[in-house]
>>> print(open('structure.txt').read())   # compact mmCIF, C-alpha atoms
# COMPACT_ATOMS: atom_id res chain seq x y z
CA MET A 1 48.63 22.20 24.50
CA GLN A 2 45.16 21.52 25.90
CA ARG A 3 43.72 24.14 23.53
CA ILE A 4 45.39 22.45 20.54
CA VAL A 5 44.00 19.06 21.59
CA PHE A 6 40.54 20.60 22.02
CA VAL A 7 40.66 22.18 18.54
CA VAL A 8 41.82 18.91 16.96
CA VAL A 9 39.05 16.97 18.70
CA ALA A 10 36.50 19.56 17.62
CA LEU A 11 37.69 19.38 14.02
CA LEU A 12 37.52 15.61 14.05
CA GLY A 13 34.01 15.80 15.44
CA ASN A 14 32.98 18.19 12.67
CA LEU A 15 34.48 15.91 10.04
CA ALA A 16 32.59 12.95 11.50
CA ALA A 17 29.37 14.92 11.37
CA LEU A 18 30.00 15.85 7.74
CA ALA A 19 30.69 12.23 6.90
CA GLU A 20 27.26 11.30 8.25
CA GLY A 21 25.50 13.87 6.06
CA PRO A 22 23.32 16.83 7.07
CA VAL A 23 21.11 16.42 10.13
CA GLU A 24 17.92 18.36 9.58
CA ALA A 25 15.19 19.46 11.95
CA ARG A 26 11.82 17.75 11.87
CA VAL A 27 9.13 18.91 9.50
CA THR A 28 5.73 19.58 11.08
CA ALA A 29 2.27 20.38 9.69
CA ARG A 30 0.94 23.86 10.42
CA GLY A 31 -2.39 24.58 8.75
CA PRO A 32 -2.06 24.36 4.96
CA ARG A 33 1.72 24.11 4.92
CA LEU A 34 4.68 22.19 6.27
CA GLU A 35 7.24 23.99 8.40
CA ARG A 36 10.83 23.36 9.41
CA GLU A 37 12.25 25.52 12.19
CA GLY A 38 9.43 28.02 11.74
CA ARG A 39 9.82 28.41 7.98
CA GLU A 40 7.74 26.88 5.20
CA TYR A 41 9.15 23.64 3.81
CA ARG A 42 8.31 22.34 0.33
CA ALA A 43 10.16 19.64 -1.57
CA ILE A 44 10.28 17.29 -4.53
CA GLY A 45 11.44 13.71 -4.10
CA VAL A 46 11.13 10.39 -5.88
CA ASN A 47 9.56 6.96 -5.49
CA VAL A 48 11.79 3.91 -5.22
CA PRO A 49 9.02 1.52 -4.13
CA HIS A 50 11.20 -1.57 -3.74
CA LEU A 51 14.15 0.23 -2.12
CA HIS A 52 14.57 -1.78 1.09
CA GLN A 53 13.67 -5.06 -0.63
CA ILE A 54 16.46 -4.79 -3.20
CA TYR A 55 18.83 -3.48 -0.54
CA LEU A 56 18.07 -6.49 1.68
CA GLY A 57 17.78 -8.97 -1.19
CA THR A 58 14.18 -10.04 -0.53
CA TRP A 59 12.36 -8.66 -3.61
CA PHE A 60 10.41 -11.36 -5.44
CA HIS A 61 11.52 -10.08 -8.87
CA ILE A 62 15.29 -9.86 -8.25
CA PRO A 63 16.24 -12.92 -10.42
CA HIS A 64 14.61 -11.67 -13.62
CA VAL A 65 15.18 -7.91 -13.09
CA TYR A 66 18.65 -7.71 -11.51
CA GLY A 67 20.00 -11.24 -11.66
CA THR A 68 21.60 -11.48 -8.23
CA PRO A 69 21.05 -9.98 -4.77
CA GLU A 70 24.45 -8.30 -5.02
CA LYS A 71 23.44 -6.48 -8.20
CA ALA A 72 20.10 -5.55 -6.64
CA ARG A 73 21.84 -4.03 -3.61
CA ALA A 74 24.19 -2.09 -5.89
CA ALA A 75 21.12 -0.80 -7.75
CA ALA A 76 19.60 0.40 -4.47
CA GLU A 77 22.79 2.22 -3.59
CA GLU A 78 22.93 3.84 -7.03
CA ALA A 79 19.29 4.94 -6.78
CA VAL A 80 20.07 6.73 -3.51
CA ALA A 81 23.31 8.19 -4.87
CA ASP A 82 21.58 9.48 -8.03
CA ALA A 83 18.81 11.03 -5.95
CA SER A 84 21.44 12.79 -3.85
CA ARG A 85 23.43 14.00 -6.88
CA SER A 86 20.23 15.24 -8.48
CA GLY A 87 19.18 17.31 -5.50
CA MET A 88 16.10 15.21 -4.74
CA ALA A 89 14.89 15.84 -1.21
CA PHE A 90 13.44 12.46 -0.25
CA ILE A 91 12.55 8.92 -1.29
CA ARG A 92 9.13 7.36 -0.77
CA PHE A 93 9.31 3.58 -0.46
CA PHE A 94 7.09 0.65 0.52
CA ALA A 95 8.36 -0.19 3.99
CA GLY A 96 6.34 -3.28 4.89
CA PRO A 97 7.97 -6.73 4.81
CA GLY A 98 6.45 -7.35 1.35
CA TYR A 99 4.75 -10.36 -0.19
CA PRO A 100 4.46 -13.41 2.09
CA ILE A 101 7.46 -15.02 0.38
CA GLU A 102 9.52 -11.83 0.76
CA SER A 103 8.60 -11.60 4.43
CA SER A 104 9.55 -15.24 5.02
CA ARG A 105 12.97 -14.77 3.42
CA LEU A 106 14.22 -12.47 6.17
CA TYR A 107 11.72 -10.71 8.44
CA ASP A 108 10.00 -13.90 9.66
CA ARG A 109 13.20 -15.98 9.74
CA ASP A 110 15.63 -13.48 11.25
CA PRO A 111 13.98 -10.21 12.36
CA ALA A 112 17.23 -8.93 13.91
CA ALA A 113 18.95 -9.17 10.52
CA TYR A 114 15.96 -7.48 8.89
CA TRP A 115 16.18 -4.50 11.22
CA ARG A 116 19.98 -4.30 10.91
CA GLY A 117 19.56 -4.08 7.15
CA MET A 118 16.92 -1.38 7.51
CA ASP A 119 19.25 0.53 9.85
CA GLU A 120 22.00 0.35 7.20
CA LEU A 121 19.63 1.69 4.55
CA PHE A 122 18.55 4.59 6.78
CA ALA A 123 22.21 5.38 7.51
CA LEU A 124 23.01 5.33 3.78
CA CYS A 125 20.22 7.81 3.06
CA LYS A 126 21.27 10.00 5.98
CA ARG A 127 24.89 10.14 4.72
CA SER A 128 23.56 10.99 1.27
CA GLY A 129 21.38 13.82 2.57
CA VAL A 130 18.18 12.16 1.32
CA ARG A 131 15.18 11.89 3.61
CA LEU A 132 12.62 9.05 3.62
CA VAL A 133 8.86 8.63 3.56
CA PRO A 134 8.25 5.01 4.66
CA CYS A 135 4.89 3.64 3.49
CA LEU A 136 4.16 1.15 6.27
CA ASN A 137 1.59 -0.89 4.29
CA VAL A 138 -0.64 -1.27 7.33
CA ALA A 139 -3.42 -3.16 5.54
CA SER A 140 -1.34 -5.62 3.51
CA ARG A 141 -0.30 -8.39 5.92
CA HIS A 142 -3.57 -10.32 6.13
CA LEU A 143 -2.76 -12.80 3.35
CA ALA A 144 0.28 -14.03 5.27
CA PHE A 145 -2.17 -15.34 7.86
CA ALA A 146 -4.91 -16.47 5.43
CA GLU A 147 -7.22 -13.86 6.98
CA PRO A 148 -9.58 -11.44 5.22
CA ARG A 149 -8.46 -7.87 4.62
CA SER A 150 -11.04 -6.62 7.09
CA ALA A 151 -9.03 -8.36 9.84
CA ILE A 152 -6.97 -5.17 10.14
CA LEU A 153 -9.96 -3.81 12.10
CA ASP A 154 -10.29 -6.87 14.37
CA PRO A 155 -8.10 -6.68 17.51
CA SER A 156 -8.49 -10.45 18.00
CA SER A 157 -6.93 -11.26 14.59
CA LYS A 158 -3.33 -12.20 13.79
CA THR A 159 -3.32 -9.46 11.15
CA TRP A 160 -4.15 -6.75 13.70
CA ALA A 161 -1.60 -8.01 16.23
CA GLU A 162 1.25 -8.33 13.72
CA ASN A 163 0.49 -4.95 12.17
CA ARG A 164 0.49 -3.31 15.59
CA ARG A 165 3.81 -4.99 16.45
CA TYR A 166 5.49 -4.03 13.16
CA VAL A 167 4.30 -0.42 13.10
CA GLU A 168 5.23 0.12 16.75
CA THR A 169 8.70 -1.35 16.20
CA PHE A 170 9.28 0.72 13.04
CA VAL A 171 8.06 4.04 14.42
CA LYS A 172 9.83 3.69 17.76
CA ARG A 173 13.06 2.63 16.04
CA TYR A 174 13.20 5.71 13.79
CA ASN A 175 11.15 8.19 15.79
CA ASP A 176 14.22 10.24 16.67
CA ASP A 177 15.85 9.90 13.24
CA PRO A 178 15.63 13.15 11.24
CA THR A 179 15.89 11.05 8.07
CA VAL A 180 12.13 10.37 8.35
CA LEU A 181 10.20 13.17 6.66
CA ALA A 182 6.69 11.77 7.25
CA TRP A 183 4.91 8.52 8.06
CA GLU A 184 2.62 6.99 5.44
CA LEU A 185 -0.01 4.34 6.22
CA GLU A 186 -0.77 2.42 3.03
CA ASN A 187 -0.70 2.68 -0.76
CA GLU A 188 -3.95 3.80 -2.45
CA LEU A 189 -6.27 2.04 0.00
CA MET A 190 -9.32 4.21 -0.74
CA LEU A 191 -9.33 2.86 -4.30
CA ALA A 192 -10.39 -0.44 -2.72
CA ALA A 193 -13.36 1.14 -0.94
CA ASP A 194 -16.71 -0.48 -1.78
CA VAL A 195 -15.16 -2.90 -4.26
CA ASP A 196 -16.75 -6.32 -3.74
CA MET A 197 -13.86 -8.79 -3.57
CA LYS A 198 -16.04 -11.90 -3.58
CA GLY A 199 -14.72 -14.21 -6.30
CA LEU A 200 -11.99 -11.82 -7.47
CA PRO A 201 -8.39 -13.11 -7.78
CA LEU A 202 -5.97 -12.44 -4.93
CA LEU A 203 -2.17 -12.85 -4.98
CA PRO A 204 -0.85 -15.68 -7.20
CA ARG A 205 0.43 -18.82 -5.48
CA GLY A 206 4.02 -18.05 -6.49
CA VAL A 207 4.35 -15.16 -4.04
CA TYR A 208 3.82 -17.45 -1.04
CA PRO A 209 6.46 -19.61 0.66
CA GLU A 210 6.22 -23.36 0.24
CA GLY A 211 3.51 -24.90 2.42
CA ALA A 212 1.65 -21.65 3.04
CA VAL A 213 -2.14 -21.60 3.18
CA VAL A 214 -3.19 -19.84 -0.02
CA ARG A 215 -6.52 -18.23 -0.88
CA GLU A 216 -6.64 -17.62 -4.61
CA THR A 217 -9.97 -15.77 -4.70
CA GLY A 218 -11.51 -13.23 -2.40
CA GLU A 219 -14.52 -13.33 -0.10
CA ARG A 220 -16.90 -10.55 0.89
CA GLU A 221 -14.82 -10.10 4.07
CA ASP A 222 -11.88 -9.07 1.90
CA SER A 223 -13.87 -5.99 0.91
CA LEU A 224 -13.48 -2.68 2.69
CA THR A 225 -16.28 -0.14 2.67
CA TRP A 226 -15.76 3.62 2.63
CA GLU A 227 -16.40 3.73 6.36
CA MET A 228 -13.96 0.87 7.02
CA VAL A 229 -11.14 2.58 5.10
CA GLN A 230 -11.75 5.78 7.06
CA ARG A 231 -11.64 3.76 10.27
CA VAL A 232 -8.29 2.22 9.23
CA TYR A 233 -6.93 5.72 8.66
CA ARG A 234 -8.21 7.09 11.97
CA GLU A 235 -7.00 4.15 14.06
CA GLN A 236 -3.61 3.77 12.41
CA ALA A 237 -2.87 7.51 12.37
CA ALA A 238 -3.85 7.81 16.04
CA PHE A 239 -1.60 4.88 16.96
CA ILE A 240 1.42 6.37 15.16
CA LYS A 241 0.74 9.76 16.72
CA SER A 242 0.65 8.17 20.18
CA ILE A 243 4.32 7.29 19.57
CA ASP A 244 5.39 10.26 17.43
CA PRO A 245 2.95 13.15 17.99
CA ASP A 246 4.78 15.76 15.92
CA ARG A 247 5.86 14.22 12.60
CA PRO A 248 3.22 14.39 9.80
CA VAL A 249 1.12 11.29 9.08
CA THR A 250 -0.40 10.78 5.63
CA SER A 251 -2.70 8.14 4.22
CA GLY A 252 -0.91 7.23 0.98
CA ASP A 253 -4.16 7.71 -0.91
CA ALA A 254 -4.29 8.20 -4.67
CA GLY A 255 -7.65 9.92 -4.32
CA VAL A 256 -11.17 8.58 -4.63
CA ARG A 257 -12.61 6.72 -7.60
CA PRO A 258 -14.61 8.81 -10.11
CA GLU A 259 -17.70 6.74 -9.20
CA ALA A 260 -17.12 6.73 -5.42
CA THR A 261 -20.61 7.98 -4.53
CA SER A 262 -22.46 5.28 -6.44
CA ARG A 263 -20.16 2.59 -5.03
CA ARG A 264 -20.82 3.76 -1.49
CA GLU A 265 -24.59 3.96 -2.07
CA THR A 266 -25.00 0.59 -3.81
CA PHE A 267 -22.33 -1.71 -2.28
CA PRO A 268 -22.21 -4.67 -2.75
CA ASP A 269 -24.68 -4.61 -5.68
CA PHE A 270 -22.75 -1.96 -7.56
CA ARG A 271 -24.55 0.26 -10.08
CA TYR A 272 -22.17 2.60 -11.87
CA ARG A 273 -22.64 6.37 -12.04
CA ASP A 274 -19.92 8.97 -12.53
CA ASP A 275 -19.71 11.52 -9.74
CA SER A 276 -20.31 15.12 -10.63
CA TRP A 277 -17.30 17.38 -10.12
CA ARG A 278 -18.92 18.77 -6.96
CA GLU A 279 -19.44 15.25 -5.59
CA HIS A 280 -15.89 14.32 -6.52
CA LEU A 281 -14.30 17.22 -4.63
CA ALA A 282 -16.53 16.59 -1.60
CA ASN A 283 -15.53 12.93 -1.60
CA GLU A 284 -11.84 13.79 -1.91
CA LEU A 285 -11.94 16.01 1.16
CA ALA A 286 -14.06 13.60 3.21
CA ALA A 287 -12.00 10.50 2.36
CA GLN A 288 -8.99 11.37 4.54
CA PRO A 289 -10.25 12.15 8.06
CA GLU A 290 -8.50 13.51 11.13
CA PRO A 291 -6.07 12.85 12.74
CA LEU A 292 -4.36 12.60 9.33
CA ASP A 293 -2.63 15.93 8.87
CA LEU A 294 -0.93 15.60 5.47
CA PHE A 295 -3.34 15.12 2.56
CA SER A 296 -2.27 12.53 -0.04
CA LEU A 297 -3.08 12.37 -3.76
CA HIS A 298 -1.52 10.63 -6.77
CA HIS A 299 -1.59 12.39 -10.13
CA TYR A 300 -0.72 11.10 -13.61
CA GLY A 301 -1.05 12.84 -16.95
CA PRO A 302 -1.58 14.10 -19.46
CA GLY A 303 -3.92 11.25 -20.44
CA THR A 304 -7.17 12.22 -22.07
CA THR A 305 -8.29 15.83 -22.37
CA ASP A 306 -12.02 15.09 -22.12
CA ALA A 307 -12.12 13.69 -18.60
CA GLY A 308 -15.16 13.87 -16.38
CA PRO A 309 -18.84 13.04 -16.73
CA LYS A 310 -19.94 13.06 -20.38
CA GLY A 311 -16.46 14.14 -21.44
CA ASN A 312 -16.91 17.74 -20.29
CA GLY A 313 -14.61 17.78 -17.27
CA PRO A 314 -11.25 19.50 -16.80
CA ASP A 315 -8.08 17.86 -18.10
CA ALA A 316 -5.59 16.13 -15.81
CA LEU A 317 -3.53 19.22 -15.01
CA GLU A 318 -6.57 21.40 -14.34
CA ARG A 319 -8.13 18.69 -12.17
CA ALA A 320 -4.91 18.59 -10.16
CA ARG A 321 -4.91 22.37 -9.82
CA LEU A 322 -8.53 22.57 -8.66
CA THR A 323 -8.07 19.72 -6.20
CA ALA A 324 -4.94 21.34 -4.78
CA ARG A 325 -6.93 24.53 -4.21
CA ALA A 326 -9.69 22.58 -2.43
CA VAL A 327 -7.16 20.87 -0.16
CA ARG A 328 -5.51 24.19 0.64
CA ALA A 329 -8.92 25.71 1.42
CA ALA A 330 -9.40 22.86 3.88
CA ARG A 331 -6.15 24.08 5.50
CA LEU A 332 -4.15 20.92 4.90
CA PRO A 333 -0.70 20.56 3.34
CA LEU A 334 -0.76 18.40 0.20
CA PHE A 335 1.57 15.50 -0.55
CA VAL A 336 1.39 14.27 -4.15
CA GLY A 337 2.89 10.89 -3.34
CA GLU A 338 3.02 9.81 -6.98
CA MET A 339 3.37 12.22 -9.91
CA GLY A 340 3.97 10.48 -13.21
CA GLN A 341 3.48 10.63 -16.93
CA ASP A 342 1.51 8.38 -19.26
CA VAL A 343 0.26 8.86 -22.83
CA PRO A 344 2.94 9.97 -23.55
CA SER A 345 4.94 8.02 -20.98
CA PHE A 346 8.24 9.18 -19.56
CA LYS A 347 9.99 6.71 -21.87
CA SER A 348 8.58 8.35 -24.99
CA ASP A 349 8.99 11.90 -23.66
CA PRO A 350 12.53 12.44 -22.36
CA ASP A 351 11.74 16.15 -21.93
CA ALA A 352 8.95 15.24 -19.47
CA ARG A 353 6.88 18.17 -20.69
CA TRP A 354 3.71 17.39 -18.72
CA ALA A 355 5.59 16.57 -15.51
CA ARG A 356 7.50 19.85 -15.68
CA ALA A 357 4.24 21.70 -16.30
CA TYR A 358 2.83 19.92 -13.26
CA ILE A 359 5.70 21.20 -11.11
CA ASP A 360 5.03 24.72 -12.41
CA MET A 361 1.38 24.36 -11.39
CA ALA A 362 2.29 22.88 -8.01
CA GLU A 363 4.66 25.75 -7.31
CA GLU A 364 1.92 28.26 -8.07
CA GLU A 365 -0.67 26.45 -5.95
CA GLY A 366 1.48 25.90 -2.86
CA VAL A 367 1.71 22.09 -3.01
CA SER A 368 4.00 20.98 -0.19
CA LEU A 369 5.51 17.68 -1.38
CA ILE A 370 5.76 15.86 -4.72
CA ALA A 371 7.30 12.43 -5.34
CA VAL A 372 8.05 11.53 -8.96
CA TRP A 373 6.83 8.09 -10.05
CA VAL A 374 9.17 6.37 -10.56
CA TRP A 375 12.98 6.45 -9.97
CA HIS A 376 15.42 3.67 -10.96
CA PHE A 377 12.58 1.12 -11.28
CA PRO A 378 13.27 -1.16 -14.24
CA TRP A 379 10.16 -3.22 -13.47
CA GLN A 380 8.19 -0.36 -15.10
CA PRO A 381 10.41 0.62 -18.04
CA ASP A 382 7.90 3.05 -19.57
CA LEU A 383 7.57 5.06 -16.35
CA THR A 384 11.04 4.97 -14.80
CA VAL A 385 13.36 7.98 -14.84
CA ASP A 386 16.83 8.90 -13.61
CA SER A 387 19.18 11.84 -13.96
CA ARG A 388 20.53 10.65 -17.31
CA SER A 389 17.23 9.72 -18.95
CA HIS A 390 15.34 12.90 -17.97
CA PRO A 391 17.80 15.73 -17.22
CA ALA A 392 15.24 18.51 -17.83
CA LEU A 393 12.88 17.06 -15.21
CA VAL A 394 15.72 16.64 -12.73
CA GLU A 395 16.87 20.21 -13.27
CA ARG A 396 13.31 21.53 -12.75
CA ALA A 397 13.06 19.58 -9.48
CA ARG A 398 16.50 20.82 -8.43
CA ARG A 399 15.43 24.45 -8.88
CA PHE A 400 12.29 23.82 -6.80
CA ASN A 401 14.27 22.20 -3.98
CA ARG A 402 16.92 24.89 -4.02
CA ARG A 403 14.23 27.49 -3.47
CA TYR A 404 11.97 25.73 -0.94
CA ALA A 405 13.94 22.91 0.70
CA GLY A 406 17.34 24.55 1.03
CA ILE A 407 19.09 21.87 -1.08
CA GLU A 408 21.99 23.10 -3.17
>>> encode(input="structure.txt", output="structure tokens")
Amino acid sequence: MQRIVFVVVALLGNLAALAEGPVEARVTARGPRLEREGREYRAIGVNVPHLHQIYLGTWFHIPHVYGTPEKARAAAEEAVADASRSGMAFIRFFAGPGYPIESSRLYDRDPAAYWRGMDELFALCKRSGVRLVPCLNVASRHLAFAEPRSAILDPSSKTWAENRRYVETFVKRYNDDPTVLAWELENELMLAADVDMKGLPLLPRGVYPEGAVVRETGEREDSLTWEMVQRVYREQAAFIKSIDPDRPVTSGDAGVRPEATSRRETFPDFRYRDDSWREHLANELAAQPEPLDLFSLHHYGPGTTDAGPKGNGPDALERARLTARAVRAARLPLFVGEMGQDVPSFKSDPDARWARAYIDMAEEEGVSLIAVWVWHFPWQPDLTVDSRSHPALVERARRFNRRYAGIE
């Protein structure tokens, strides 16, 4: 009788585990590749940038994109379900509280409810067998306090203190959750390096709550130099690693600007000069310093075929290939956090010919992670894809994940 009870309890436990979805081991960075349980791990996922904001009902654009918070939440659930059905390995999403008005709607007013909602979203993804790459947006909270962007480097600022509190809470809360594939710091911050923000427009007044102090144009202190961006990366990565020393940390960079050298040399009195290809590759490798251990780039194509100084550079796919080789030679795994199509866009190319060619290239060159831009994102109708609109792309990603991520 005791044996029968034991078997029944064991079966019920197994059923409960199945209901919660697969629990996977952590992925760690080892030289130029990612590993899971001693074996190389490579995967293709998708971007749903507004995932937690539509799930929690805080997204600024809900009324004119979805209509109601209920419909927005249903859209979030369908995006996760479609990713799971399609064999996508993970979702990258912007995990900060959002615009000042989005933050005030829930995070500032009722942080316990905010974190309960985030817990529900993580549980949904875990049940669905989809992992997450949260982009923590570490340098994006300054406007909520009417402080310059450079305040992220000032320990006496409200921006620094709130960022430290949010990142610590987030990482500690999900540190032991295998749903987290990697931590990401910010979105494309190096593109802001050596751009003089004095007099340039900031966020429009409409994205602030009523009564907020609003700065409509930037000051020089809103600018970040090359060295300041690198410092953000070093400090933020080290802080996350002090909490979670094993899980990969990536910058979220798109890559450097094609004129990065001249910007760095002439800031703030910018004088434009295209980098040579040699300068460009050197800047790419130098832009993301240790202790970052997962190199981040964003690639879009096919675009123009005469890229580079004087129109004699490699095309978008060849640039991506050569850069991937440089990153691998530097013995770093590569995360292409955004891979998308323009000219022709995904909307005008349902076969996604360039994107599928990109996956072929990435497979040949040992790229570790790729996240398609963008999945179930009606705010960008020309770029958004799903399993019905682009079945050939989904099937190509499924084959990749079956081979390298163990997803059937």
>>> atom_distance(input="structure.txt", atom1="atom CA of Met88 of chain A", atom2="atom CA of Ile44 of chain A")
6.2 Å
>>> atom_distance(input="structure.txt", atom1="atom CA of Asn283 of chain A", atom2="atom CA of Pro302 of chain A")
22.7 Å
>>> closest_residue(input="structure.txt", among="A:Gly31, A:Pro204, A:Pro378, A:Gly129", to="Pro248 of chain A", atoms="all atoms listed in the file")
A:Gly31
>>> atom_distance(input="structure.txt", atom1="atom CA of Val207 of chain A", atom2="atom CA of Gly98 of chain A")
9.7 Å
>>> residues_around(input="structure.txt", residues="Val327 of chain A", least_positions_apart="6", cutoff="8 Å", atoms="all atoms listed in the file", output="PDB file with C-alpha atoms, keeping the file's coordinate frame")
ATOM      1  CA  LEU A 285     -11.940  16.010   1.160  1.00  0.00           C
ATOM      2  CA  PHE A 295      -3.340  15.120   2.560  1.00  0.00           C
ATOM      3  CA  PRO A 333      -0.700  20.560   3.340  1.00  0.00           C
ATOM      4  CA  LEU A 334      -0.760  18.400   0.200  1.00  0.00           C
TER       5      LEU A 334
END
>>> closest_residue(input="structure.txt", among="A:Ala95, A:Val80, A:Val65, A:Val213", to="Gln53 of chain A", atoms="all atoms listed in the file")
A:Ala95
>>> residues_around(input="structure.txt", residues="Lys198 of chain A", least_positions_apart="4", cutoff="7 Å", atoms="only C-alpha atoms", output="PyMOL selection string")
chain A and resi 218-220
>>> closest_residue(input="structure.txt", among="A:Ser368, A:Arg328, A:Thr384, A:Pro209", to="Arg109 of chain A", atoms="all atoms listed in the file")
A:Pro209
>>> residues_near_point(input="structure.txt", point="(0.6, 12.0, -0.7)", cutoff="7 Å", atoms="only C-alpha atoms", output="list in words")
Thr250, Gly252, Asp253, Phe295, Ser296, Leu297, His298, Leu334, Phe335, Val336 and Gly337 of chain A
>>> residues_around(input="structure.txt", residues="Tyr300 of chain A", least_positions_apart="4", cutoff="6 Å", atoms="only C-alpha atoms", output="CSV table (one decimal) with C-alpha atoms, in the coordinates of the input")
chain,number,residue,atom,x,y,z
A,339,MET,CA,3.4,12.2,-9.9
A,340,GLY,CA,4.0,10.5,-13.2
A,341,GLN,CA,3.5,10.6,-16.9
>>> closest_residue(input="structure.txt", among="A:Met118, A:Asp110, A:Phe145, A:Asp351", to="Glu395 of chain A", atoms="all atoms listed in the file")
A:Asp351
>>> residues_around(input="structure.txt", residues="segment 101-108 of chain A", least_positions_apart="4", cutoff="7 Å", atoms="all atoms listed in the file", output="list in words")
Thr58, Trp59, Phe60, Pro97, Tyr114, Val207, Tyr208 and Pro209 of chain A
>>> residues_around(input="structure.txt", residues="Asp222 of chain A", least_positions_apart="6", cutoff="6 Å", atoms="all atoms listed in the file", output="list of chain:residue names")
A:Pro148, A:Arg149, A:Ser150, A:Met197
>>> closest_residue(input="structure.txt", among="A:Asp194, A:Ser389, A:His52, A:Glu235", to="Asp154 of chain A", atoms="all atoms listed in the file")
A:Glu235
>>> closest_residue(input="structure.txt", among="A:Tyr272, A:Tyr404, A:Phe122, A:Phe170", to="Arg42 of chain A", atoms="all atoms listed in the file")
A:Tyr404
